[in-house]
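Okay, input34.pdb now, which holds PDB, C-alpha atoms, pLDDT in the B column:
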```
MODEL        1
ATOM      1  CA  MET R  25     188.513  65.306  95.706  1.00 42.00           C
ATOM      2  CA  SER R  26     185.406  63.195  95.631  1.00 44.00           C
ATOM      3  CA  SER R  27     181.745  63.986  95.223  1.00 46.00           C
ATOM      4  CA  THR R  28     178.578  62.014  95.704  1.00 45.00           C
ATOM      5  CA  THR R  29     176.422  61.532  92.612  1.00 44.00           C
ATOM      6  CA  ILE R  30     172.997  63.028  93.045  1.00 40.00           C
ATOM      7  CA  THR R  31     169.898  62.431  90.996  1.00 47.00           C
ATOM      8  CA  ARG R  32     168.956  66.049  90.373  1.00 64.00           C
ATOM      9  CA  GLU R  33     171.007  69.072  89.524  1.00 81.00           C
ATOM     10  CA  VAL R  34     171.149  71.525  92.422  1.00 89.00           C
ATOM     11  CA  ILE R  35     174.024  73.592  90.995  1.00 93.00           C
ATOM     12  CA  PRO R  36     173.671  74.535  87.312  1.00 94.00           C
ATOM     13  CA  ALA R  37     175.788  72.352  85.013  1.00 94.00           C
ATOM     14  CA  GLY R  38     179.209  73.566  84.000  1.00 95.00           C
ATOM     15  CA  ALA R  39     182.426  74.850  85.469  1.00 97.00           C
ATOM     16  CA  TRP R  40     182.154  78.160  87.314  1.00 98.00           C
ATOM     17  CA  VAL R  41     185.081  80.339  88.471  1.00 98.00           C
ATOM     18  CA  VAL R  42     184.603  82.535  91.547  1.00 98.00           C
ATOM     19  CA  ASP R  43     184.700  86.258  90.756  1.00 97.00           C
ATOM     20  CA  PRO R  44     186.645  87.803  93.670  1.00 96.00           C
ATOM     21  CA  VAL R  45     185.415  91.316  92.843  1.00 95.00           C
ATOM     22  CA  HIS R  46     181.768  90.340  93.389  1.00 96.00           C
ATOM     23  CA  THR R  47     182.264  87.758  96.163  1.00 98.00           C
ATOM     24  CA  THR R  48     182.565  88.132  99.931  1.00 98.00           C
ATOM     25  CA  ILE R  49     184.134  85.530 102.233  1.00 98.00           C
ATOM     26  CA  GLY R  50     183.467  86.413 105.865  1.00 97.00           C
ATOM     27  CA  PHE R  51     183.814  85.004 109.348  1.00 96.00           C
ATOM     28  CA  GLN R  52     182.798  85.596 112.941  1.00 95.00           C
ATOM     29  CA  VAL R  53     184.922  84.149 115.724  1.00 92.00           C
ATOM     30  CA  THR R  54     183.443  83.787 119.208  1.00 90.00           C
ATOM     31  CA  ASP R  55     185.875  82.999 122.013  1.00 84.00           C
ATOM     32  CA  THR R  56     184.255  81.624 125.150  1.00 75.00           C
ATOM     33  CA  SER R  57     187.421  81.157 127.206  1.00 77.00           C
ATOM     34  CA  ASP R  58     188.412  84.049 129.451  1.00 66.00           C
ATOM     35  CA  LEU R  59     187.567  86.969 127.147  1.00 66.00           C
ATOM     36  CA  PHE R  60     184.072  86.138 125.935  1.00 72.00           C
ATOM     37  CA  SER R  61     184.722  88.113 122.770  1.00 81.00           C
ATOM     38  CA  SER R  62     183.451  88.122 119.227  1.00 88.00           C
ATOM     39  CA  ILE R  63     185.324  89.287 116.129  1.00 92.00           C
ATOM     40  CA  ASN R  64     183.914  89.806 112.628  1.00 96.00           C
ATOM     41  CA  GLY R  65     186.110  89.832 109.571  1.00 97.00           C
ATOM     42  CA  ARG R  66     186.601  88.927 105.946  1.00 98.00           C
ATOM     43  CA  PHE R  67     189.237  87.786 103.508  1.00 98.00           C
ATOM     44  CA  THR R  68     190.055  89.913 100.478  1.00 98.00           C
ATOM     45  CA  GLN R  69     192.186  87.524  98.394  1.00 98.00           C
ATOM     46  CA  PHE R  70     190.831  84.140  97.380  1.00 98.00           C
ATOM     47  CA  GLU R  71     189.966  81.969  94.424  1.00 98.00           C
ATOM     48  CA  GLY R  72     187.510  79.175  93.923  1.00 98.00           C
ATOM     49  CA  ARG R  73     185.742  76.898  91.538  1.00 98.00           C
ATOM     50  CA  ILE R  74     182.269  75.370  91.411  1.00 97.00           C
ATOM     51  CA  GLU R  75     181.495  72.313  89.330  1.00 96.00           C
ATOM     52  CA  GLY R  76     177.794  71.998  88.673  1.00 95.00           C
ATOM     53  CA  GLY R  77     175.673  69.234  87.201  1.00 92.00           C
ATOM     54  CA  GLU R  78     175.178  65.686  88.401  1.00 89.00           C
ATOM     55  CA  GLN R  79     178.452  65.497  90.369  1.00 91.00           C
ATOM     56  CA  PRO R  80     178.803  68.944  91.943  1.00 95.00           C
ATOM     57  CA  SER R  81     181.838  70.098  93.877  1.00 96.00           C
ATOM     58  CA  LEU R  82     183.193  73.287  95.410  1.00 97.00           C
ATOM     59  CA  THR R  83     186.822  74.181  96.035  1.00 98.00           C
ATOM     60  CA  GLY R  84     188.483  77.324  97.257  1.00 98.00           C
ATOM     61  CA  THR R  85     191.728  78.804  98.510  1.00 98.00           C
ATOM     62  CA  ILE R  86     192.050  81.858 100.761  1.00 98.00           C
ATOM     63  CA  GLN R  87     195.247  83.842 101.260  1.00 98.00           C
ATOM     64  CA  VAL R  88     195.630  84.136 105.059  1.00 98.00           C
ATOM     65  CA  GLU R  89     197.426  87.508 104.895  1.00 98.00           C
ATOM     66  CA  SER R  90     194.311  89.021 103.312  1.00 98.00           C
ATOM     67  CA  LEU R  91     192.437  88.729 106.647  1.00 98.00           C
ATOM     68  CA  ARG R  92     190.720  92.008 107.586  1.00 98.00           C
ATOM     69  CA  THR R  93     188.838  92.872 110.793  1.00 97.00           C
ATOM     70  CA  ASP R  94     189.105  96.675 110.442  1.00 96.00           C
ATOM     71  CA  ASN R  95     191.765  96.806 113.173  1.00 96.00           C
ATOM     72  CA  GLU R  96     195.365  96.635 111.900  1.00 97.00           C
ATOM     73  CA  GLN R  97     196.861  95.606 115.250  1.00 97.00           C
ATOM     74  CA  ARG R  98     194.352  92.748 115.648  1.00 95.00           C
ATOM     75  CA  ASP R  99     194.843  91.668 112.004  1.00 97.00           C
ATOM     76  CA  ALA R 100     198.611  91.476 112.532  1.00 97.00           C
ATOM     77  CA  HIS R 101     198.072  89.390 115.665  1.00 95.00           C
ATOM     78  CA  LEU R 102     195.622  87.011 113.961  1.00 95.00           C
ATOM     79  CA  ILE R 103     198.008  86.254 111.067  1.00 97.00           C
ATOM     80  CA  SER R 104     200.986  85.906 113.455  1.00 97.00           C
ATOM     81  CA  PRO R 105     202.343  82.576 114.769  1.00 96.00           C
ATOM     82  CA  ASP R 106     200.012  83.022 117.788  1.00 93.00           C
ATOM     83  CA  PHE R 107     197.016  82.171 115.585  1.00 92.00           C
ATOM     84  CA  LEU R 108     196.970  81.495 111.831  1.00 96.00           C
ATOM     85  CA  ASP R 109     200.743  81.758 111.250  1.00 97.00           C
ATOM     86  CA  ALA R 110     200.515  83.105 107.701  1.00 98.00           C
ATOM     87  CA  ALA R 111     204.284  82.842 107.175  1.00 98.00           C
ATOM     88  CA  LYS R 112     204.190  79.034 107.636  1.00 98.00           C
ATOM     89  CA  HIS R 113     200.611  78.440 106.466  1.00 98.00           C
ATOM     90  CA  PRO R 114     199.794  81.035 103.805  1.00 98.00           C
ATOM     91  CA  GLU R 115     196.553  79.415 102.641  1.00 98.00           C
ATOM     92  CA  ILE R 116     193.263  78.125 103.980  1.00 98.00           C
ATOM     93  CA  ARG R 117     191.673  75.572 101.632  1.00 98.00           C
ATOM     94  CA  PHE R 118     188.199  74.095 101.256  1.00 97.00           C
ATOM     95  CA  GLU R 119     187.172  71.059  99.245  1.00 97.00           C
ATOM     96  CA  THR R 120     183.830  69.289  99.225  1.00 97.00           C
ATOM     97  CA  THR R 121     183.549  65.605  99.952  1.00 97.00           C
ATOM     98  CA  SER R 122     179.870  65.505  98.949  1.00 96.00           C
ATOM     99  CA  VAL R 123     176.970  67.732  97.995  1.00 96.00           C
ATOM    100  CA  GLU R 124     173.490  66.838  99.227  1.00 95.00           C
ATOM    101  CA  PRO R 125     170.449  68.453  97.606  1.00 93.00           C
ATOM    102  CA  LEU R 126     167.744  69.615  99.980  1.00 93.00           C
ATOM    103  CA  ASP R 127     164.731  71.361  98.486  1.00 88.00           C
ATOM    104  CA  GLY R 128     164.574  73.636  95.462  1.00 85.00           C
ATOM    105  CA  GLU R 129     167.772  75.629  95.268  1.00 92.00           C
ATOM    106  CA  ARG R 130     169.100  74.622  98.715  1.00 96.00           C
ATOM    107  CA  PHE R 131     171.864  72.085  99.349  1.00 96.00           C
ATOM    108  CA  THR R 132     174.391  71.033 101.972  1.00 97.00           C
ATOM    109  CA  ALA R 133     178.059  70.983 101.006  1.00 97.00           C
ATOM    110  CA  HIS R 134     180.065  68.590 103.195  1.00 98.00           C
ATOM    111  CA  GLY R 135     183.795  69.177 103.060  1.00 97.00           C
ATOM    112  CA  ASN R 136     187.150  69.715 104.633  1.00 97.00           C
ATOM    113  CA  LEU R 137     188.455  73.125 105.585  1.00 97.00           C
ATOM    114  CA  ILE R 138     192.234  72.978 105.942  1.00 97.00           C
ATOM    115  CA  VAL R 139     193.609  75.524 108.433  1.00 96.00           C
ATOM    116  CA  LYS R 140     197.312  75.292 109.367  1.00 95.00           C
ATOM    117  CA  ASP R 141     197.459  71.840 107.718  1.00 94.00           C
ATOM    118  CA  THR R 142     194.662  70.625 110.013  1.00 95.00           C
ATOM    119  CA  PRO R 143     191.430  69.463 108.360  1.00 96.00           C
ATOM    120  CA  PHE R 144     188.142  70.505 109.942  1.00 95.00           C
ATOM    121  CA  GLU R 145     184.971  68.761 108.773  1.00 96.00           C
ATOM    122  CA  VAL R 146     182.515  71.477 107.805  1.00 97.00           C
ATOM    123  CA  GLU R 147     178.895  71.425 106.680  1.00 97.00           C
ATOM    124  CA  LEU R 148     177.858  74.448 104.663  1.00 97.00           C
ATOM    125  CA  GLU R 149     174.166  75.142 104.279  1.00 98.00           C
ATOM    126  CA  ALA R 150     173.970  76.676 100.826  1.00 97.00           C
ATOM    127  CA  ARG R 151     171.524  78.088  98.344  1.00 97.00           C
ATOM    128  CA  VAL R 152     171.720  78.915  94.663  1.00 96.00           C
ATOM    129  CA  ARG R 153     170.278  82.442  94.616  1.00 95.00           C
ATOM    130  CA  GLY R 154     170.136  82.726  90.863  1.00 94.00           C
ATOM    131  CA  GLN R 155     171.677  82.189  87.478  1.00 94.00           C
ATOM    132  CA  GLY R 156     171.732  84.605  84.567  1.00 94.00           C
ATOM    133  CA  GLN R 157     173.638  87.004  82.412  1.00 93.00           C
ATOM    134  CA  GLY R 158     175.938  89.559  84.019  1.00 88.00           C
ATOM    135  CA  LYS R 159     176.418  93.133  82.798  1.00 89.00           C
ATOM    136  CA  ALA R 160     179.443  92.069  80.756  1.00 88.00           C
ATOM    137  CA  GLY R 161     177.377  89.430  78.958  1.00 92.00           C
ATOM    138  CA  ASP R 162     178.924  86.535  80.876  1.00 94.00           C
ATOM    139  CA  GLU R 163     176.849  83.755  82.430  1.00 96.00           C
ATOM    140  CA  ARG R 164     176.856  83.871  86.248  1.00 97.00           C
ATOM    141  CA  VAL R 165     175.572  81.910  89.200  1.00 97.00           C
ATOM    142  CA  LEU R 166     175.081  83.284  92.715  1.00 97.00           C
ATOM    143  CA  VAL R 167     175.538  80.995  95.715  1.00 97.00           C
ATOM    144  CA  ASP R 168     175.268  81.817  99.429  1.00 97.00           C
ATOM    145  CA  ALA R 169     176.722  79.461 102.035  1.00 97.00           C
ATOM    146  CA  ARG R 170     177.213  79.392 105.780  1.00 98.00           C
ATOM    147  CA  GLY R 171     178.585  76.955 108.314  1.00 97.00           C
ATOM    148  CA  SER R 172     180.721  76.734 111.435  1.00 95.00           C
ATOM    149  CA  PHE R 173     183.389  74.718 113.184  1.00 93.00           C
ATOM    150  CA  ASP R 174     185.001  74.655 116.621  1.00 91.00           C
ATOM    151  CA  TRP R 175     188.676  75.512 117.012  1.00 87.00           C
ATOM    152  CA  GLY R 176     189.825  75.151 120.610  1.00 85.00           C
ATOM    153  CA  THR R 177     187.761  77.493 122.762  1.00 84.00           C
ATOM    154  CA  THR R 178     186.435  79.360 119.735  1.00 87.00           C
ATOM    155  CA  THR R 179     183.556  78.833 117.351  1.00 91.00           C
ATOM    156  CA  VAL R 180     184.233  80.059 113.835  1.00 93.00           C
ATOM    157  CA  GLU R 181     181.192  80.903 111.713  1.00 96.00           C
ATOM    158  CA  LEU R 182     181.814  81.157 107.991  1.00 97.00           C
ATOM    159  CA  THR R 183     179.785  82.987 105.380  1.00 97.00           C
ATOM    160  CA  ALA R 184     180.225  83.185 101.631  1.00 97.00           C
ATOM    161  CA  ALA R 185     178.267  85.251  99.127  1.00 98.00           C
ATOM    162  CA  VAL R 186     179.669  83.940  95.846  1.00 98.00           C
ATOM    163  CA  SER R 187     179.328  85.211  92.310  1.00 97.00           C
ATOM    164  CA  ALA R 188     180.898  82.824  89.812  1.00 97.00           C
ATOM    165  CA  VAL R 189     181.382  83.115  86.055  1.00 97.00           C
ATOM    166  CA  LYS R 190     180.802  80.150  83.730  1.00 97.00           C
ATOM    167  CA  GLU R 191     183.874  78.971  81.875  1.00 94.00           C
ATOM    168  CA  VAL R 192     183.474  78.900  78.116  1.00 84.00           C
TER     169      VAL R 192
ENDMDL
END
```

Target encoding structure tokens, full file:
Amino acid sequence: MSSTTITREVIPAGAWVVDPVHTTIGFQVTDTSDLFSSINGRFTQFEGRIEGGEQPSLTGTIQVESLRTDNEQRDAHLISPDFLDAAKHPEIRFETTSVEPLDGERFTAHGNLIVKDTPFEVELEARVRGQGQGKAGDERVLVDARGSFDWGTTTVELTAAVSAVKEV
């Protein structure tokens, strides 16, 4: 994993671990082939890490079988060999290649999303929504991100509302 050094801190310094209980990883898939359909969903099992400071980075791993679209038959089809093939490719991974500060709390995370061992270059427009103390007394940072990539005849839009806890 590599990151570009930036001159100002856009993500608060430190190592932050994604809290899966207070984080949502979602997607919308639009297929423009013969069906002209759109599907919204989320993943329920994932882990991730944010490194803040002068050389920020973001990494994450999603368990493919945790895909949920609120339709069991469709979920089974999407994780089957016809699409994501969870038996052969149980994880989707993301790793930044660089983080570019924009203005204030906004930044762009450039990275690779690995789906079925195929890397997709993704740009996530992101924003640090806040940093402070959680109810349990732990230090937290909130980050929202969104981006998209094309996969065959589909466009996949990704969204992440991340709450991460600072490692001590």

Between atom CA of Val189 of chain R and atom CA of Gly158 of chain R, what is the distance, to one decimal in Å?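 Distance between the two atoms: 8.7 Å.
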
Checklist entry - In Å, with one decimal, what is the gap from atom CA of Arg151 of chain R to atom CA of Gly128 of chain R? => result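 Interatomic distance, atom CA of Arg151 of chain R to atom CA of Gly128 of chain R: 8.7 Å.
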
Near-Ala169 of chain R list (9 Å; all atoms listed in the file; drop same-chain fewer than 5 positions) as a ChimeraX atom specification:
/R:132-133,148-152,182-186

- request: Using all atoms listed in the file, find the one residue out of R:His134, R:Arg98, R:Arg92, R:Arg73 that sits nearest to Pro44 of chain R.
  value: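 Looking only at the distances to Pro44 of chain R, the closest residue turns out to be R:Arg73.
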
Just so the selection is clear, what residues does the PyMOL selection byres ((chain R and resi 62) around 10) cover here, as a PDB file with C-alpha atoms, keeping the file's coordinate frame?
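So result.pdb came out as:
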```
ATOM      1  CA  GLN R  52     182.798  85.596 112.941  1.00 95.00           C
ATOM      2  CA  VAL R  53     184.922  84.149 115.724  1.00 92.00           C
ATOM      3  CA  THR R  54     183.443  83.787 119.208  1.00 90.00           C
ATOM      4  CA  ASP R  55     185.875  82.999 122.013  1.00 84.00           C
ATOM      5  CA  THR R  56     184.255  81.624 125.150  1.00 75.00           C
ATOM      6  CA  LEU R  59     187.567  86.969 127.147  1.00 66.00           C
ATOM      7  CA  PHE R  60     184.072  86.138 125.935  1.00 72.00           C
ATOM      8  CA  SER R  61     184.722  88.113 122.770  1.00 81.00           C
ATOM      9  CA  ILE R  63     185.324  89.287 116.129  1.00 92.00           C
ATOM     10  CA  ASN R  64     183.914  89.806 112.628  1.00 96.00           C
ATOM     11  CA  THR R 178     186.435  79.360 119.735  1.00 87.00           C
ATOM     12  CA  THR R 179     183.556  78.833 117.351  1.00 91.00           C
ATOM     13  CA  VAL R 180     184.233  80.059 113.835  1.00 93.00           C
TER      14      VAL R 180
END
```

Atom pair atom CA of Ile103 of chain R + atom CA of Leu82 of chain R, distance 25.2 Å

Residue neighbourhood Pro80 of chain R, 7 Å, only C-alpha atoms, exclusion window fewer than 2 positions, as an MDAnalysis selection string: chainID R and resid 27 35 75:78 123

All file atoms of segment 131-147 of chain R boxed axis-aligned, 6 Å per side, centre plus edges, as AutoDock Vina command-line options:
```
--center_x 184.7 --center_y 72.1 --center_z 104.7 --size_x 37.6 --size_y 18.9 --size_z 22.7
```

| field | Test item: residues at most 9 Å from Arg153 of chain R, only C-alpha atoms, excluding those fewer than 6 positions along its chain, as a PyMOL selection string | value | chain R and resi 129-130+165-168

* Just so the selection is clear, what residues does the PyMOL selection byres ((chain R and resi 119) around 7) cover here, as a list of chain:residue names? ->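 Applied to this file, the PyMOL selection byres ((chain R and resi 119) around 7) selects R:Met25, R:Leu82, R:Thr83, R:Gly84, R:Arg117, R:Phe118, R:Thr120, R:Thr121, R:Gly135, R:Asn136, R:Leu137.
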
Residue with the minimum atom-to-atom distance to Gln69 of chain R, picked from R:Thr85, R:Thr142, R:Ser90, R:Ser57 with all atoms listed in the file counted, is R:Ser90

Which of these residues is nearest to Glu96 of chain R, using only C-alpha atoms: R:Gly65, R:Thr47, R:Pro125, R:Ala188?
->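 Of R:Gly65, R:Thr47, R:Pro125, R:Ala188, the one nearest Glu96 of chain R is R:Gly65, counting only C-alpha atoms.
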
Residue by residue, what does the PyMOL selection byres ((chain R and resi 191) around 6) grab here? Present the result as a compact mmCIF listing (two decimals) with C-alpha atoms, in the coordinates of the input.
```txt
# COMPACT_ATOMS: atom_id res chain seq x y z
CA ALA R 39 182.43 74.85 85.47
CA TRP R 40 182.15 78.16 87.31
CA LYS R 190 180.80 80.15 83.73
CA VAL R 192 183.47 78.90 78.12
```

- Message: I want to know what sits within 7 Å of Glu115 of chain R, based on all atoms listed in the file, with residues of the same chain fewer than 6 positions away left out; could you give that as an MDAnalysis selection string?
- Response: chainID R and resid 85:88

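Of the listed residues R:Phe144, R:Phe131, R:Phe51, R:Trp175, the one whose atoms come nearest to Leu91 of chain R is R:Phe51, with distances taken using all atoms listed in the file.
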
Looking at R:Ala110, R:Ile116, R:Val146, R:Ala37, which one is nearest to Glu71 of chain R, with distances taken over only C-alpha atoms?
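Distance minimum relative to Glu71 of chain R lands on R:Ile116.
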
Give as a compact mmCIF listing (two decimals) with C-alpha atoms, keeping the file's coordinate frame each residue that has an atom at most 7 Å from (179.2, 90.8, 92.7) in the file, counting all atoms listed in the file.
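The result, stored in part_34.txt:
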```txt
# COMPACT_ATOMS: atom_id res chain seq x y z
CA VAL R 45 185.42 91.32 92.84
CA HIS R 46 181.77 90.34 93.39
CA THR R 47 182.26 87.76 96.16
CA SER R 187 179.33 85.21 92.31
```

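Distance annotation: of R:Ala111, R:Thr68, R:Ala100, R:Asp94, the residue with the minimal separation from Asp43 of chain R is R:Thr68; atom set is only C-alpha atoms.
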
Reconstruct all heavy atoms of segment 159-170 of chain R; output as a short mmCIF file (atom, residue, chain, number, x, y, z; two decimals), in the coordinates of the input.
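Output contents, as saved in rebuild-v8.cif:
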```cif
data_model
loop_
_atom_site.label_atom_id
_atom_site.label_comp_id
_atom_site.auth_asym_id
_atom_site.auth_seq_id
_atom_site.Cartn_x
_atom_site.Cartn_y
_atom_site.Cartn_z
N LYS R 159 176.36 91.90 83.60
CA LYS R 159 176.42 93.13 82.80
C LYS R 159 177.41 93.04 81.64
O LYS R 159 177.23 93.68 80.62
CB LYS R 159 176.78 94.32 83.68
CG LYS R 159 175.66 94.71 84.62
CD LYS R 159 176.03 95.92 85.44
CE LYS R 159 174.88 96.28 86.37
NZ LYS R 159 175.19 97.42 87.20
N ALA R 160 178.44 92.23 81.81
CA ALA R 160 179.44 92.07 80.76
C ALA R 160 179.04 91.01 79.73
O ALA R 160 179.79 90.70 78.82
CB ALA R 160 180.79 91.72 81.37
N GLY R 161 177.85 90.44 79.89
CA GLY R 161 177.38 89.43 78.96
C GLY R 161 177.79 88.02 79.32
O GLY R 161 177.48 87.08 78.60
N ASP R 162 178.49 87.86 80.45
CA ASP R 162 178.92 86.54 80.88
C ASP R 162 177.81 85.85 81.67
O ASP R 162 176.95 86.49 82.24
CB ASP R 162 180.19 86.62 81.72
CG ASP R 162 180.11 87.67 82.82
OD1 ASP R 162 179.05 88.31 82.98
OD2 ASP R 162 181.10 87.85 83.53
N GLU R 163 177.84 84.52 81.66
CA GLU R 163 176.85 83.76 82.43
C GLU R 163 177.36 83.61 83.86
O GLU R 163 178.52 83.25 84.09
CB GLU R 163 176.61 82.39 81.80
CG GLU R 163 175.42 81.67 82.41
CD GLU R 163 175.07 80.39 81.70
OE1 GLU R 163 175.64 80.09 80.64
OE2 GLU R 163 174.21 79.67 82.24
N ARG R 164 176.47 83.89 84.84
CA ARG R 164 176.86 83.87 86.25
C ARG R 164 175.89 83.04 87.07
O ARG R 164 174.73 82.89 86.71
CB ARG R 164 176.87 85.30 86.82
CG ARG R 164 177.98 86.13 86.25
CD ARG R 164 177.97 87.53 86.82
NE ARG R 164 179.18 88.22 86.40
CZ ARG R 164 180.29 88.29 87.12
NH1 ARG R 164 180.35 87.76 88.31
NH2 ARG R 164 181.35 88.90 86.65
N VAL R 165 176.40 82.57 88.20
CA VAL R 165 175.57 81.91 89.20
C VAL R 165 175.92 82.54 90.55
O VAL R 165 177.08 82.91 90.80
CB VAL R 165 175.79 80.37 89.22
CG1 VAL R 165 177.20 80.00 89.65
CG2 VAL R 165 174.78 79.68 90.10
N LEU R 166 174.89 82.73 91.37
CA LEU R 166 175.08 83.28 92.72
C LEU R 166 174.77 82.21 93.74
O LEU R 166 173.71 81.57 93.68
CB LEU R 166 174.15 84.47 92.94
CG LEU R 166 174.32 85.66 92.01
CD1 LEU R 166 173.23 86.69 92.28
CD2 LEU R 166 175.69 86.28 92.17
N VAL R 167 175.69 82.01 94.68
CA VAL R 167 175.54 81.00 95.72
C VAL R 167 175.87 81.62 97.07
O VAL R 167 176.90 82.28 97.20
CB VAL R 167 176.47 79.78 95.46
CG1 VAL R 167 176.35 78.75 96.58
CG2 VAL R 167 176.20 79.16 94.10
N ASP R 168 175.00 81.43 98.05
CA ASP R 168 175.27 81.82 99.43
C ASP R 168 175.50 80.56 100.25
O ASP R 168 174.81 79.55 100.04
CB ASP R 168 174.07 82.56 100.04
CG ASP R 168 173.92 83.97 99.50
OD1 ASP R 168 174.88 84.50 98.91
OD2 ASP R 168 172.83 84.54 99.67
N ALA R 169 176.45 80.62 101.18
CA ALA R 169 176.72 79.46 102.04
C ALA R 169 177.12 79.94 103.42
O ALA R 169 177.71 81.01 103.58
CB ALA R 169 177.83 78.61 101.43
N ARG R 170 176.79 79.10 104.42
CA ARG R 170 177.21 79.39 105.78
C ARG R 170 177.39 78.09 106.54
O ARG R 170 176.71 77.11 106.28
CB ARG R 170 176.26 80.33 106.49
CG ARG R 170 174.89 79.82 106.79
CD ARG R 170 174.00 80.81 107.57
NE ARG R 170 174.13 82.18 107.16
CZ ARG R 170 174.72 83.18 107.88
NH1 ARG R 170 175.19 82.93 109.07
NH2 ARG R 170 174.81 84.39 107.43
#
```
